[in-house]
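Participant: Got a structure for you, written out below as structure tokens; questions coming shortly.
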Amino acid sequence: MLRTVTCGALNLNNLGESVTLCGWVQKSRDLGGMTFIDIRDRYGITQLVFNMDDNKALCETARTLGREFVIKAVGTVVERSNKNPKMSTGDVEIKVSALEILNAAKLPPFMIDDETDGGDELRMKYRYLDLRRNPVRNNLVLRHKMAQSVRRYLDALDFIEVETPVLIKSTPEGARDFVVPSRMNEGEFYALPQSPQTFKQLLMVSGFDRYFQIVKCFRDEDLRADRQPEFTQIDCEMSFIEQEDILNTFEGLIRTLFKEVRNYDLPEVPRMQYADAMRLYGSDKPDTRFEMKFVELNDLVKGKGFPVFDNAELVVGINAKGAASYTRKQLDELTDFIKRPQIGATGLIYARHNDDGTIKSSVDKFFNEEDLKQWSEAFGTEKGDLLLILAGSTDKVRKQLNELRLEMGNRLGLRDKNTFSALWVLDFPLLEWDEETERYHAMHHPFTSPKPEDIALLDTDPKNVRANAYDMVINGTEVGGGSIRIHDRALQALMFKHLGFSAEEAQKQFGFLMDAFEFGAPPHGGIAFGFDRLTSIFAGLDSIRDVIAFPKNNSGRDVMIDSPSTIDEKQLKELKIKTDL
């Protein structure tokens, strides 16, 4: 090894030792007779000291070092006269006797420091430099620790890690596939997997009753902060189980991760029906760090002559506790917020529970004191509370109020990133209607089993068929989802029929799986966790980019290596591909 110790290891116990350090120059300070250099590696920073009186030539060499030069320094550990309690090595420094420049460096395009002056695009272009910064590096260390914890937990429960193919078959369900042309099979294409779904089911048919994989998945879809074209899942499947077994096993995994990685005792995870989540929070992934549940007001407000309420399918609101002091300007800001095109509400009704006990609303013309008292009782208001009410069609107004609830959670400081609230959401609808294609689609995927008691409804009332499916939500983010699978060919064929597949189409796309079911498929189910999302929550980040070593930007580009890019005409000819731009 070129070094005998790392830059984060030395302390007063090492006084007098001769050591060799290697790393990057973080910064230098020339004080005339003495020069100080901070040398950095991924373990920490150590101060080097050079003295003109001891070795003039060595000190002059040190003065030539620029930021990010790679150096090797030999010297003796001595006690610092001016200690730095903010550094783990701040009690000592190295009195250097030999210095070697291993590689000079250009001036970096942004500061390699915890607080950098580089913007997102610049940092992504020079990602290899950004990865030298503590915040980004620490995120990857966190990711590593989480992966190791996952493997230990699942290995102890007899799960086997199995790799599944990356070049697979394109199927019509789900998001858009990334496709890969096959040179040896002209005119035919592989697809990159959106998940290993069918393969893990086939592993269950094969008798591998407990499978997992930390696996790359690919989806060609529009991007945002928590979405990348390639992402990582903790993918799991089990045989001879029921839903309860899945929930208990993987709740255990999440609670173990919190304890081992964050030293956080996550309490037992409560469960909520999908229908209740939509009714109380307007979302299938509610943030339960704070209450502010929806209260429906139809019985109290209809028939009072206020057209906005009288003509609405649903009138519903939230109690923003302690926000009665909001000014008219702040209330106008909230109104503008919900009127944004991406939310689409037309207006906001509010009522204050004043300190004198009176209730005053923005619609006092239509509602008397007794009416408003009933509102207060329905919401359980106290002095200082603010009621925010929306009206409209049920599905739309619930989604709009969910956005307003989250906004109020932010404004009132109720969404602390160091507080964690997990929730199981159960019994999703099996199918959802698509207006554009005028047919039902699987809400999760076509291999999800319906609730046994709802199977008869597939022919008569498909929209009310419940799936044997479950999601785990943490702090308002879906971090994992799964289901009990169909393991019977006849039921799988019926499912494909209700999804609009002909028998021939189903056989062409998924015949391999249905054929496998005829050779003794066990009851099975599983779950997949978004590993990037989970890591970003543990790191307290809104974006998954900084927990991925080399992420793409919002256009799906890697600006560091300039990808995607055109390919050579010779390659196109070999693949029998012509471009038409």
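By convention here, the chains of the structure tokens are called A, B, ... in the order presented, each chain's residues are numbered starting at 1, and ligands are numbered starting at 1 in the order presented.
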What lies within 10 Å of stretch 64-74 of chain A using only C-alpha atoms, ignoring chain neighbours under 4 positions off, as a PyMOL selection string?
Facilitator: chain A and resi 2-4+18-28+37-41+48+59-60+94-108+111-112+129+132
Participant: Can I get the selection written as an mmCIF file, in the first residue's frame, with C-alpha atoms?
Facilitator:
data_model
loop_
_atom_site.group_PDB
_atom_site.id
_atom_site.type_symbol
_atom_site.label_atom_id
_atom_site.label_comp_id
_atom_site.auth_asym_id
_atom_site.auth_seq_id
_atom_site.Cartn_x
_atom_site.Cartn_y
_atom_site.Cartn_z
ATOM 1 C CA LEU A 2 1.176 3.524 -0.743
ATOM 2 C CA ARG A 3 -0.252 4.661 2.599
ATOM 3 C CA THR A 4 0.020 3.328 6.124
ATOM 4 C CA SER A 18 5.715 7.850 11.588
ATOM 5 C CA VAL A 19 2.903 7.638 9.004
ATOM 6 C CA THR A 20 2.314 7.864 5.286
ATOM 7 C CA LEU A 21 -0.908 9.420 3.970
ATOM 8 C CA CYS A 22 -2.289 9.652 0.437
ATOM 9 C CA GLY A 23 -5.156 11.791 -0.795
ATOM 10 C CA TRP A 24 -6.364 14.994 -2.394
ATOM 11 C CA VAL A 25 -5.476 18.551 -1.400
ATOM 12 C CA GLN A 26 -8.600 20.067 0.159
ATOM 13 C CA LYS A 27 -7.061 23.487 0.805
ATOM 14 C CA SER A 28 -3.739 25.145 1.656
ATOM 15 C CA ILE A 37 -2.197 21.630 3.768
ATOM 16 C CA ASP A 38 -5.454 19.730 4.427
ATOM 17 C CA ILE A 39 -5.243 16.292 2.799
ATOM 18 C CA ARG A 40 -8.516 14.439 2.167
ATOM 19 C CA ASP A 41 -9.642 10.913 1.364
ATOM 20 C CA LEU A 48 -0.128 18.588 7.160
ATOM 21 C CA CYS A 59 7.942 23.937 2.180
ATOM 22 C CA GLU A 60 8.336 25.595 -1.204
ATOM 23 C CA ILE A 94 1.494 15.636 10.495
ATOM 24 C CA LYS A 95 4.921 17.244 10.545
ATOM 25 C CA VAL A 96 5.903 16.330 6.990
ATOM 26 C CA SER A 97 9.389 15.002 6.167
ATOM 27 C CA ALA A 98 8.729 13.858 2.574
ATOM 28 C CA LEU A 99 6.191 14.885 -0.067
ATOM 29 C CA GLU A 100 5.405 13.347 -3.462
ATOM 30 C CA ILE A 101 2.995 14.728 -6.055
ATOM 31 C CA LEU A 102 1.240 11.651 -7.453
ATOM 32 C CA ASN A 103 -0.855 13.649 -9.905
ATOM 33 C CA ALA A 104 -1.411 17.348 -10.529
ATOM 34 C CA ALA A 105 -4.980 18.593 -11.074
ATOM 35 C CA LYS A 106 -6.723 21.309 -13.053
ATOM 36 C CA LEU A 107 -8.723 23.809 -11.046
ATOM 37 C CA PRO A 108 -12.098 22.063 -10.522
ATOM 38 C CA MET A 111 -15.897 23.821 -4.984
ATOM 39 C CA ILE A 112 -15.318 20.270 -3.721
ATOM 40 C CA LEU A 129 -15.822 15.288 -8.795
ATOM 41 C CA ARG A 132 -15.707 13.459 -3.722
#
Participant: Name the residues of stretch 320-365 of chain A that fall into strand (DSSP E) according to DSSP on the backbone, using the chain letters and numbers of this document, as a list in words.
Facilitator: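 Here is the list: Ala320, Ile349, Tyr350, Ala351, Arg352, His353, Ile359, Lys360 and Ser361 of chain A.
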Participant: Which residues are near stretch 164-180 of chain A? Cut-off 12 Å, only C-alpha atoms, ignore same chain within fewer than 4 positions. Put them as an mmCIF file with N, CA, C and O atoms, in the first residue's frame.
Facilitator:
data_model
loop_
_atom_site.group_PDB
_atom_site.id
_atom_site.type_symbol
_atom_site.label_atom_id
_atom_site.label_comp_id
_atom_site.auth_asym_id
_atom_site.auth_seq_id
_atom_site.Cartn_x
_atom_site.Cartn_y
_atom_site.Cartn_z
ATOM 1 N N MET A 184 -28.517 -11.031 -34.218
ATOM 2 C CA MET A 184 -28.604 -12.412 -34.696
ATOM 3 C C MET A 184 -30.019 -12.835 -35.060
ATOM 4 O O MET A 184 -30.218 -13.887 -35.673
ATOM 5 N N ASN A 185 -31.004 -12.026 -34.679
ATOM 6 C CA ASN A 185 -32.397 -12.331 -35.002
ATOM 7 C C ASN A 185 -33.000 -11.093 -35.654
ATOM 8 O O ASN A 185 -33.589 -10.242 -34.986
ATOM 9 N N GLU A 186 -32.834 -10.990 -36.968
ATOM 10 C CA GLU A 186 -33.149 -9.768 -37.690
ATOM 11 C C GLU A 186 -34.603 -9.353 -37.490
ATOM 12 O O GLU A 186 -35.518 -10.179 -37.566
ATOM 13 N N GLY A 187 -34.786 -8.055 -37.225
ATOM 14 C CA GLY A 187 -36.127 -7.519 -37.077
ATOM 15 C C GLY A 187 -36.767 -7.797 -35.739
ATOM 16 O O GLY A 187 -37.939 -7.454 -35.532
ATOM 17 N N GLU A 188 -36.031 -8.416 -34.829
ATOM 18 C CA GLU A 188 -36.581 -8.736 -33.522
ATOM 19 C C GLU A 188 -35.816 -7.983 -32.430
ATOM 20 O O GLU A 188 -34.659 -7.602 -32.613
ATOM 21 N N PHE A 189 -36.488 -7.803 -31.309
ATOM 22 C CA PHE A 189 -35.944 -6.953 -30.256
ATOM 23 C C PHE A 189 -36.103 -7.613 -28.890
ATOM 24 O O PHE A 189 -37.080 -8.314 -28.632
ATOM 25 N N TYR A 190 -35.126 -7.378 -28.056
ATOM 26 C CA TYR A 190 -35.275 -7.649 -26.632
ATOM 27 C C TYR A 190 -35.900 -6.407 -25.974
ATOM 28 O O TYR A 190 -35.932 -5.338 -26.551
ATOM 29 N N ALA A 191 -36.352 -6.572 -24.744
ATOM 30 C CA ALA A 191 -36.714 -5.432 -23.896
ATOM 31 C C ALA A 191 -35.926 -5.526 -22.607
ATOM 32 O O ALA A 191 -35.570 -6.629 -22.169
ATOM 33 N N LEU A 192 -35.622 -4.370 -22.029
ATOM 34 C CA LEU A 192 -35.012 -4.364 -20.706
ATOM 35 C C LEU A 192 -36.131 -4.484 -19.664
ATOM 36 O O LEU A 192 -37.202 -3.905 -19.834
ATOM 37 N N PRO A 193 -35.928 -5.230 -18.595
ATOM 38 C CA PRO A 193 -37.035 -5.545 -17.680
ATOM 39 C C PRO A 193 -37.494 -4.337 -16.868
ATOM 40 O O PRO A 193 -36.690 -3.620 -16.282
ATOM 41 N N GLN A 194 -38.820 -4.136 -16.834
ATOM 42 C CA GLN A 194 -39.393 -3.154 -15.913
ATOM 43 C C GLN A 194 -39.404 -3.704 -14.490
ATOM 44 O O GLN A 194 -39.414 -2.956 -13.524
ATOM 45 N N SER A 195 -39.400 -5.018 -14.380
ATOM 46 C CA SER A 195 -39.223 -5.734 -13.113
ATOM 47 C C SER A 195 -39.022 -7.194 -13.479
ATOM 48 O O SER A 195 -39.347 -7.605 -14.591
ATOM 49 N N PRO A 196 -38.511 -8.000 -12.554
ATOM 50 C CA PRO A 196 -38.341 -9.432 -12.854
ATOM 51 C C PRO A 196 -39.618 -10.243 -12.580
ATOM 52 O O PRO A 196 -39.550 -11.410 -12.229
ATOM 53 N N GLN A 197 -40.789 -9.636 -12.751
ATOM 54 C CA GLN A 197 -42.036 -10.212 -12.268
ATOM 55 C C GLN A 197 -42.266 -11.665 -12.695
ATOM 56 O O GLN A 197 -42.460 -12.548 -11.870
ATOM 57 N N THR A 198 -42.261 -11.912 -14.006
ATOM 58 C CA THR A 198 -42.589 -13.273 -14.446
ATOM 59 C C THR A 198 -41.487 -14.254 -14.069
ATOM 60 O O THR A 198 -41.770 -15.419 -13.775
ATOM 61 N N PHE A 199 -40.236 -13.796 -14.039
ATOM 62 C CA PHE A 199 -39.139 -14.703 -13.694
ATOM 63 C C PHE A 199 -39.199 -15.129 -12.235
ATOM 64 O O PHE A 199 -38.927 -16.276 -11.898
ATOM 65 N N LYS A 200 -39.558 -14.193 -11.350
ATOM 66 C CA LYS A 200 -39.617 -14.603 -9.950
ATOM 67 C C LYS A 200 -40.799 -15.537 -9.715
ATOM 68 O O LYS A 200 -40.726 -16.433 -8.867
ATOM 69 N N GLN A 201 -41.872 -15.379 -10.492
ATOM 70 C CA GLN A 201 -42.964 -16.338 -10.392
ATOM 71 C C GLN A 201 -42.534 -17.707 -10.900
ATOM 72 O O GLN A 201 -42.891 -18.742 -10.323
ATOM 73 N N LEU A 202 -41.750 -17.716 -11.965
ATOM 74 C CA LEU A 202 -41.242 -18.989 -12.477
ATOM 75 C C LEU A 202 -40.293 -19.648 -11.484
ATOM 76 O O LEU A 202 -40.228 -20.882 -11.398
ATOM 77 N N LEU A 203 -39.546 -18.844 -10.733
ATOM 78 C CA LEU A 203 -38.687 -19.416 -9.687
ATOM 79 C C LEU A 203 -39.524 -20.086 -8.609
ATOM 80 O O LEU A 203 -39.111 -21.104 -8.033
ATOM 81 N N TYR A 211 -37.107 -16.177 -2.678
ATOM 82 C CA TYR A 211 -36.177 -15.535 -3.616
ATOM 83 C C TYR A 211 -36.071 -14.047 -3.289
ATOM 84 O O TYR A 211 -37.042 -13.417 -2.873
ATOM 85 N N PHE A 212 -34.878 -13.474 -3.503
ATOM 86 C CA PHE A 212 -34.762 -12.016 -3.519
ATOM 87 C C PHE A 212 -33.638 -11.629 -4.464
ATOM 88 O O PHE A 212 -32.800 -12.441 -4.863
ATOM 89 N N GLN A 213 -33.646 -10.355 -4.810
ATOM 90 C CA GLN A 213 -32.628 -9.814 -5.706
ATOM 91 C C GLN A 213 -32.637 -8.289 -5.550
ATOM 92 O O GLN A 213 -33.697 -7.681 -5.483
ATOM 93 N N ILE A 214 -31.461 -7.696 -5.419
ATOM 94 C CA ILE A 214 -31.339 -6.241 -5.508
ATOM 95 C C ILE A 214 -30.991 -5.972 -6.962
ATOM 96 O O ILE A 214 -29.857 -6.193 -7.392
ATOM 97 N N VAL A 215 -31.977 -5.512 -7.739
ATOM 98 C CA VAL A 215 -31.926 -5.657 -9.190
ATOM 99 C C VAL A 215 -32.196 -4.332 -9.903
ATOM 100 O O VAL A 215 -32.998 -3.516 -9.451
ATOM 101 N N LYS A 216 -31.520 -4.138 -11.026
ATOM 102 C CA LYS A 216 -31.771 -2.988 -11.898
ATOM 103 C C LYS A 216 -33.040 -3.226 -12.711
ATOM 104 O O LYS A 216 -33.261 -4.307 -13.255
ATOM 105 N N CYS A 217 -33.874 -2.180 -12.807
ATOM 106 C CA CYS A 217 -35.080 -2.209 -13.625
ATOM 107 C C CYS A 217 -35.091 -0.968 -14.517
ATOM 108 O O CYS A 217 -34.406 0.020 -14.230
ATOM 109 N N PHE A 218 -35.898 -1.019 -15.594
ATOM 110 C CA PHE A 218 -35.833 0.027 -16.610
ATOM 111 C C PHE A 218 -37.240 0.382 -17.077
ATOM 112 O O PHE A 218 -38.028 -0.505 -17.420
ATOM 113 N N ARG A 219 -37.546 1.687 -17.120
ATOM 114 C CA ARG A 219 -38.831 2.145 -17.644
ATOM 115 C C ARG A 219 -38.607 3.415 -18.451
ATOM 116 O O ARG A 219 -37.981 4.357 -17.968
ATOM 117 N N ASP A 220 -39.138 3.425 -19.648
ATOM 118 C CA ASP A 220 -39.003 4.586 -20.531
ATOM 119 C C ASP A 220 -40.213 5.491 -20.305
ATOM 120 O O ASP A 220 -41.191 5.446 -21.037
ATOM 121 N N GLU A 221 -40.149 6.321 -19.262
ATOM 122 C CA GLU A 221 -41.266 7.185 -18.913
ATOM 123 C C GLU A 221 -40.746 8.567 -18.554
ATOM 124 O O GLU A 221 -39.544 8.771 -18.351
ATOM 125 N N ASP A 222 -41.662 9.524 -18.495
ATOM 126 C CA ASP A 222 -41.275 10.894 -18.145
ATOM 127 C C ASP A 222 -40.680 10.916 -16.748
ATOM 128 O O ASP A 222 -41.141 10.204 -15.848
ATOM 129 N N PRO A 229 -34.773 6.607 -15.410
ATOM 130 C CA PRO A 229 -35.042 5.558 -16.403
ATOM 131 C C PRO A 229 -34.517 4.194 -15.986
ATOM 132 O O PRO A 229 -35.060 3.164 -16.377
ATOM 133 N N GLU A 230 -33.437 4.171 -15.211
ATOM 134 C CA GLU A 230 -32.972 2.915 -14.612
ATOM 135 C C GLU A 230 -32.950 3.101 -13.108
ATOM 136 O O GLU A 230 -32.487 4.116 -12.602
ATOM 137 N N ASP A 235 -36.277 -6.922 -4.758
ATOM 138 C CA ASP A 235 -37.339 -7.737 -5.349
ATOM 139 C C ASP A 235 -37.438 -9.054 -4.596
ATOM 140 O O ASP A 235 -36.420 -9.739 -4.419
ATOM 141 N N TYR A 440 -60.373 -1.719 -19.254
ATOM 142 C CA TYR A 440 -59.748 -1.805 -17.937
ATOM 143 C C TYR A 440 -58.271 -2.162 -18.066
ATOM 144 O O TYR A 440 -57.863 -2.905 -18.966
ATOM 145 N N HIS A 441 -57.484 -1.612 -17.158
ATOM 146 C CA HIS A 441 -56.082 -1.963 -17.013
ATOM 147 C C HIS A 441 -55.862 -2.474 -15.594
ATOM 148 O O HIS A 441 -56.586 -2.101 -14.664
ATOM 149 N N ALA A 442 -54.845 -3.295 -15.416
ATOM 150 C CA ALA A 442 -54.502 -3.761 -14.071
ATOM 151 C C ALA A 442 -53.905 -2.602 -13.296
ATOM 152 O O ALA A 442 -52.976 -1.938 -13.780
ATOM 153 N N MET A 443 -54.418 -2.338 -12.091
ATOM 154 C CA MET A 443 -53.871 -1.247 -11.291
ATOM 155 C C MET A 443 -52.436 -1.539 -10.901
ATOM 156 O O MET A 443 -51.597 -0.634 -10.882
ATOM 157 N N HIS A 444 -52.113 -2.784 -10.591
ATOM 158 C CA HIS A 444 -50.733 -3.166 -10.279
ATOM 159 C C HIS A 444 -50.116 -3.857 -11.501
ATOM 160 O O HIS A 444 -49.351 -3.271 -12.231
ATOM 161 N N HIS A 445 -50.421 -5.099 -11.738
ATOM 162 C CA HIS A 445 -50.011 -5.794 -12.956
ATOM 163 C C HIS A 445 -50.959 -6.974 -13.172
ATOM 164 O O HIS A 445 -51.722 -7.341 -12.266
ATOM 165 N N PRO A 446 -50.960 -7.585 -14.350
ATOM 166 C CA PRO A 446 -51.990 -8.592 -14.666
ATOM 167 C C PRO A 446 -51.848 -9.912 -13.927
ATOM 168 O O PRO A 446 -52.682 -10.800 -14.113
ATOM 169 N N PHE A 447 -50.821 -10.050 -13.097
ATOM 170 C CA PHE A 447 -50.613 -11.314 -12.385
ATOM 171 C C PHE A 447 -51.081 -11.236 -10.934
ATOM 172 O O PHE A 447 -50.915 -12.167 -10.161
ATOM 173 N N PHE A 496 -56.636 -12.072 -18.110
ATOM 174 C CA PHE A 496 -56.230 -11.515 -19.402
ATOM 175 C C PHE A 496 -57.457 -11.140 -20.245
ATOM 176 O O PHE A 496 -57.461 -10.115 -20.938
ATOM 177 N N LEU A 499 -58.757 -7.889 -19.258
ATOM 178 C CA LEU A 499 -57.845 -6.813 -19.623
ATOM 179 C C LEU A 499 -57.839 -6.554 -21.131
ATOM 180 O O LEU A 499 -57.043 -5.746 -21.623
ATOM 181 N N GLY A 500 -58.711 -7.267 -21.870
ATOM 182 C CA GLY A 500 -58.861 -7.020 -23.298
ATOM 183 C C GLY A 500 -57.976 -7.857 -24.198
ATOM 184 O O GLY A 500 -57.896 -7.597 -25.399
ATOM 185 N N PHE A 501 -57.292 -8.849 -23.636
ATOM 186 C CA PHE A 501 -56.468 -9.738 -24.454
ATOM 187 C C PHE A 501 -57.348 -10.812 -25.090
ATOM 188 O O PHE A 501 -58.212 -11.390 -24.416
ATOM 189 N N GLU A 505 -53.600 -13.558 -28.141
ATOM 190 C CA GLU A 505 -52.655 -12.551 -27.654
ATOM 191 C C GLU A 505 -52.070 -12.941 -26.303
ATOM 192 O O GLU A 505 -50.864 -12.793 -26.065
ATOM 193 N N ALA A 506 -52.919 -13.456 -25.432
ATOM 194 C CA ALA A 506 -52.446 -13.870 -24.113
ATOM 195 C C ALA A 506 -51.428 -14.987 -24.230
ATOM 196 O O ALA A 506 -50.401 -14.989 -23.538
ATOM 197 N N GLN A 507 -51.699 -15.938 -25.126
ATOM 198 C CA GLN A 507 -50.773 -17.060 -25.292
ATOM 199 C C GLN A 507 -49.451 -16.587 -25.893
ATOM 200 O O GLN A 507 -48.374 -17.017 -25.471
ATOM 201 N N LYS A 508 -49.525 -15.646 -26.845
ATOM 202 C CA LYS A 508 -48.307 -15.152 -27.480
ATOM 203 C C LYS A 508 -47.433 -14.393 -26.484
ATOM 204 O O LYS A 508 -46.210 -14.562 -26.464
ATOM 205 N N GLN A 509 -48.069 -13.554 -25.650
ATOM 206 C CA GLN A 509 -47.305 -12.715 -24.739
ATOM 207 C C GLN A 509 -46.881 -13.457 -23.473
ATOM 208 O O GLN A 509 -45.747 -13.294 -22.993
ATOM 209 N N PHE A 510 -47.785 -14.263 -22.918
ATOM 210 C CA PHE A 510 -47.533 -14.840 -21.594
ATOM 211 C C PHE A 510 -47.764 -16.341 -21.543
ATOM 212 O O PHE A 510 -47.930 -16.908 -20.468
ATOM 213 N N GLY A 511 -47.757 -16.977 -22.711
ATOM 214 C CA GLY A 511 -48.002 -18.420 -22.742
ATOM 215 C C GLY A 511 -47.004 -19.206 -21.912
ATOM 216 O O GLY A 511 -47.360 -20.209 -21.280
ATOM 217 N N PHE A 512 -45.751 -18.749 -21.871
ATOM 218 C CA PHE A 512 -44.727 -19.454 -21.098
ATOM 219 C C PHE A 512 -45.099 -19.542 -19.629
ATOM 220 O O PHE A 512 -44.844 -20.558 -18.966
ATOM 221 N N LEU A 575 -27.470 -4.091 -37.652
ATOM 222 C CA LEU A 575 -28.727 -4.337 -36.936
ATOM 223 C C LEU A 575 -29.948 -4.196 -37.836
ATOM 224 O O LEU A 575 -31.075 -4.378 -37.381
ATOM 225 N N ILE A 577 -31.194 -1.460 -39.110
ATOM 226 C CA ILE A 577 -32.006 -0.367 -38.569
ATOM 227 C C ILE A 577 -31.758 0.889 -39.394
ATOM 228 O O ILE A 577 -30.617 1.241 -39.699
#
Participant: Which residues come within 7 Å of A:Gly481, counting only C-alpha atoms, excluding same-chain residues fewer than 3 positions away, as a short mmCIF file (atom, residue, chain, number, x, y, z; two decimals) with N, CA, C and O atoms, in the first residue's frame?
Facilitator:
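Result written to result13.cif:
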data_model
loop_
_atom_site.label_atom_id
_atom_site.label_comp_id
_atom_site.auth_asym_id
_atom_site.auth_seq_id
_atom_site.Cartn_x
_atom_site.Cartn_y
_atom_site.Cartn_z
N TYR A 470 -51.00 -4.88 -1.76
CA TYR A 470 -50.60 -4.09 -0.60
C TYR A 470 -49.44 -3.20 -0.99
O TYR A 470 -48.58 -3.56 -1.79
N ASP A 471 -49.42 -2.00 -0.43
CA ASP A 471 -48.30 -1.08 -0.60
C ASP A 471 -47.79 -0.68 0.78
O ASP A 471 -48.58 -0.53 1.71
N MET A 472 -46.48 -0.46 0.88
CA MET A 472 -45.94 0.18 2.08
C MET A 472 -45.62 1.63 1.74
O MET A 472 -44.97 1.92 0.73
N ILE A 527 -43.24 -8.90 -3.04
CA ILE A 527 -43.21 -7.45 -2.90
C ILE A 527 -41.90 -6.94 -3.50
O ILE A 527 -40.91 -7.68 -3.58
N ALA A 528 -41.93 -5.70 -3.97
CA ALA A 528 -40.70 -5.05 -4.44
C ALA A 528 -40.62 -3.67 -3.81
O ALA A 528 -41.59 -2.91 -3.82
N PHE A 529 -39.47 -3.36 -3.23
CA PHE A 529 -39.23 -2.04 -2.65
C PHE A 529 -38.37 -1.22 -3.60
O PHE A 529 -37.40 -1.74 -4.18
#
Participant: When distances are computed from only C-alpha atoms, which of A:Glu504, A:Asp488, A:Glu291, A:Asp226 shows the smallest separation from A:Ala516?
Facilitator: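 The answer is A:Asp488, which sits nearest to A:Ala516.
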Participant: Could you pull the residues within 12 Å of A:Gly347, counting only C-alpha atoms, minus those fewer than 5 positions along the same chain, as a ChimeraX atom specification?
Facilitator: /A:308-309,331-340,362,388-392,397,400-401,404
Participant: Could you check which of A:Gly8, A:Gly305, A:Gly90, A:Gly252 is closest to A:Asp265, using only C-alpha atoms?
Facilitator: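 Answer, going by the shortest atom-to-atom distance: A:Gly252.
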Participant: Which residues are close to A:Leu31, i.e. within 12 Å by only C-alpha atoms, leaving aside same-chain residues fewer than 3 positions away? Reply as a PDB file with N, CA, C and O atoms, in the first residue's frame.
Facilitator:
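Below is the file that was written, around27.pdb:
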ATOM      1  N   SER A  28      -5.066  24.828   1.127  1.00  0.00           N
ATOM      2  CA  SER A  28      -3.739  25.145   1.656  1.00  0.00           C
ATOM      3  C   SER A  28      -3.743  26.566   2.209  1.00  0.00           C
ATOM      4  O   SER A  28      -4.504  27.424   1.759  1.00  0.00           O
ATOM      5  N   MET A  34       5.398  29.195   7.608  1.00  0.00           N
ATOM      6  CA  MET A  34       4.794  27.868   7.681  1.00  0.00           C
ATOM      7  C   MET A  34       3.687  27.740   6.631  1.00  0.00           C
ATOM      8  O   MET A  34       3.045  28.724   6.262  1.00  0.00           O
ATOM      9  N   THR A  35       3.513  26.524   6.160  1.00  0.00           N
ATOM     10  CA  THR A  35       2.439  26.218   5.205  1.00  0.00           C
ATOM     11  C   THR A  35       1.628  25.049   5.749  1.00  0.00           C
ATOM     12  O   THR A  35       2.204  24.052   6.216  1.00  0.00           O
ATOM     13  N   PHE A  36       0.319  25.186   5.681  1.00  0.00           N
ATOM     14  CA  PHE A  36      -0.582  24.122   6.138  1.00  0.00           C
ATOM     15  C   PHE A  36      -1.378  23.600   4.952  1.00  0.00           C
ATOM     16  O   PHE A  36      -1.916  24.371   4.154  1.00  0.00           O
ATOM     17  N   ILE A  37      -1.447  22.294   4.835  1.00  0.00           N
ATOM     18  CA  ILE A  37      -2.197  21.630   3.768  1.00  0.00           C
ATOM     19  C   ILE A  37      -3.196  20.671   4.422  1.00  0.00           C
ATOM     20  O   ILE A  37      -2.822  19.864   5.280  1.00  0.00           O
ATOM     21  N   VAL A  49       1.694  19.931   8.078  1.00  0.00           N
ATOM     22  CA  VAL A  49       2.376  21.177   8.390  1.00  0.00           C
ATOM     23  C   VAL A  49       3.804  21.141   7.841  1.00  0.00           C
ATOM     24  O   VAL A  49       4.507  20.132   7.962  1.00  0.00           O
ATOM     25  N   PHE A  50       4.201  22.244   7.185  1.00  0.00           N
ATOM     26  CA  PHE A  50       5.530  22.392   6.600  1.00  0.00           C
ATOM     27  C   PHE A  50       6.152  23.663   7.192  1.00  0.00           C
ATOM     28  O   PHE A  50       5.493  24.705   7.259  1.00  0.00           O
ATOM     29  N   ASN A  51       7.445  23.581   7.587  1.00  0.00           N
ATOM     30  CA  ASN A  51       8.113  24.695   8.250  1.00  0.00           C
ATOM     31  C   ASN A  51       9.350  25.091   7.449  1.00  0.00           C
ATOM     32  O   ASN A  51      10.210  24.254   7.152  1.00  0.00           O
ATOM     33  N   MET A  52       9.439  26.374   7.075  1.00  0.00           N
ATOM     34  CA  MET A  52      10.587  26.871   6.286  1.00  0.00           C
ATOM     35  C   MET A  52      11.896  26.644   7.031  1.00  0.00           C
ATOM     36  O   MET A  52      12.935  26.352   6.415  1.00  0.00           O
ATOM     37  N   CYS A  59       8.993  22.939   1.964  1.00  0.00           N
ATOM     38  CA  CYS A  59       7.942  23.937   2.180  1.00  0.00           C
ATOM     39  C   CYS A  59       7.599  24.653   0.868  1.00  0.00           C
ATOM     40  O   CYS A  59       6.428  24.914   0.576  1.00  0.00           O
ATOM     41  N   ARG A  63       3.979  24.764  -1.297  1.00  0.00           N
ATOM     42  CA  ARG A  63       3.303  25.978  -1.741  1.00  0.00           C
ATOM     43  C   ARG A  63       2.826  25.878  -3.191  1.00  0.00           C
ATOM     44  O   ARG A  63       1.989  26.673  -3.622  1.00  0.00           O
TER      45      ARG A  63
END
Participant: Which distance in Å separates atom CA of A:Leu541 and atom CA of A:Val479, to one decimal?
Facilitator: 13.8 Å
Participant: Looking at only C-alpha atoms, which of A:Asp114, A:Tyr126, A:Gly33, A:Phe208 is the one that sits closest to A:Met560?
Facilitator: A:Tyr126
Participant: Mind the document's chain letters and residue numbers, and return as a count of residues only the residues of stretch 331-482 of chain A that DSSP labels alpha helix (DSSP H).
Facilitator: 42
Participant: Suppose you want the space between atom CA of A:Ile544 and atom CA of A:Phe531; what is it in Å?
Facilitator: 9.5 Å
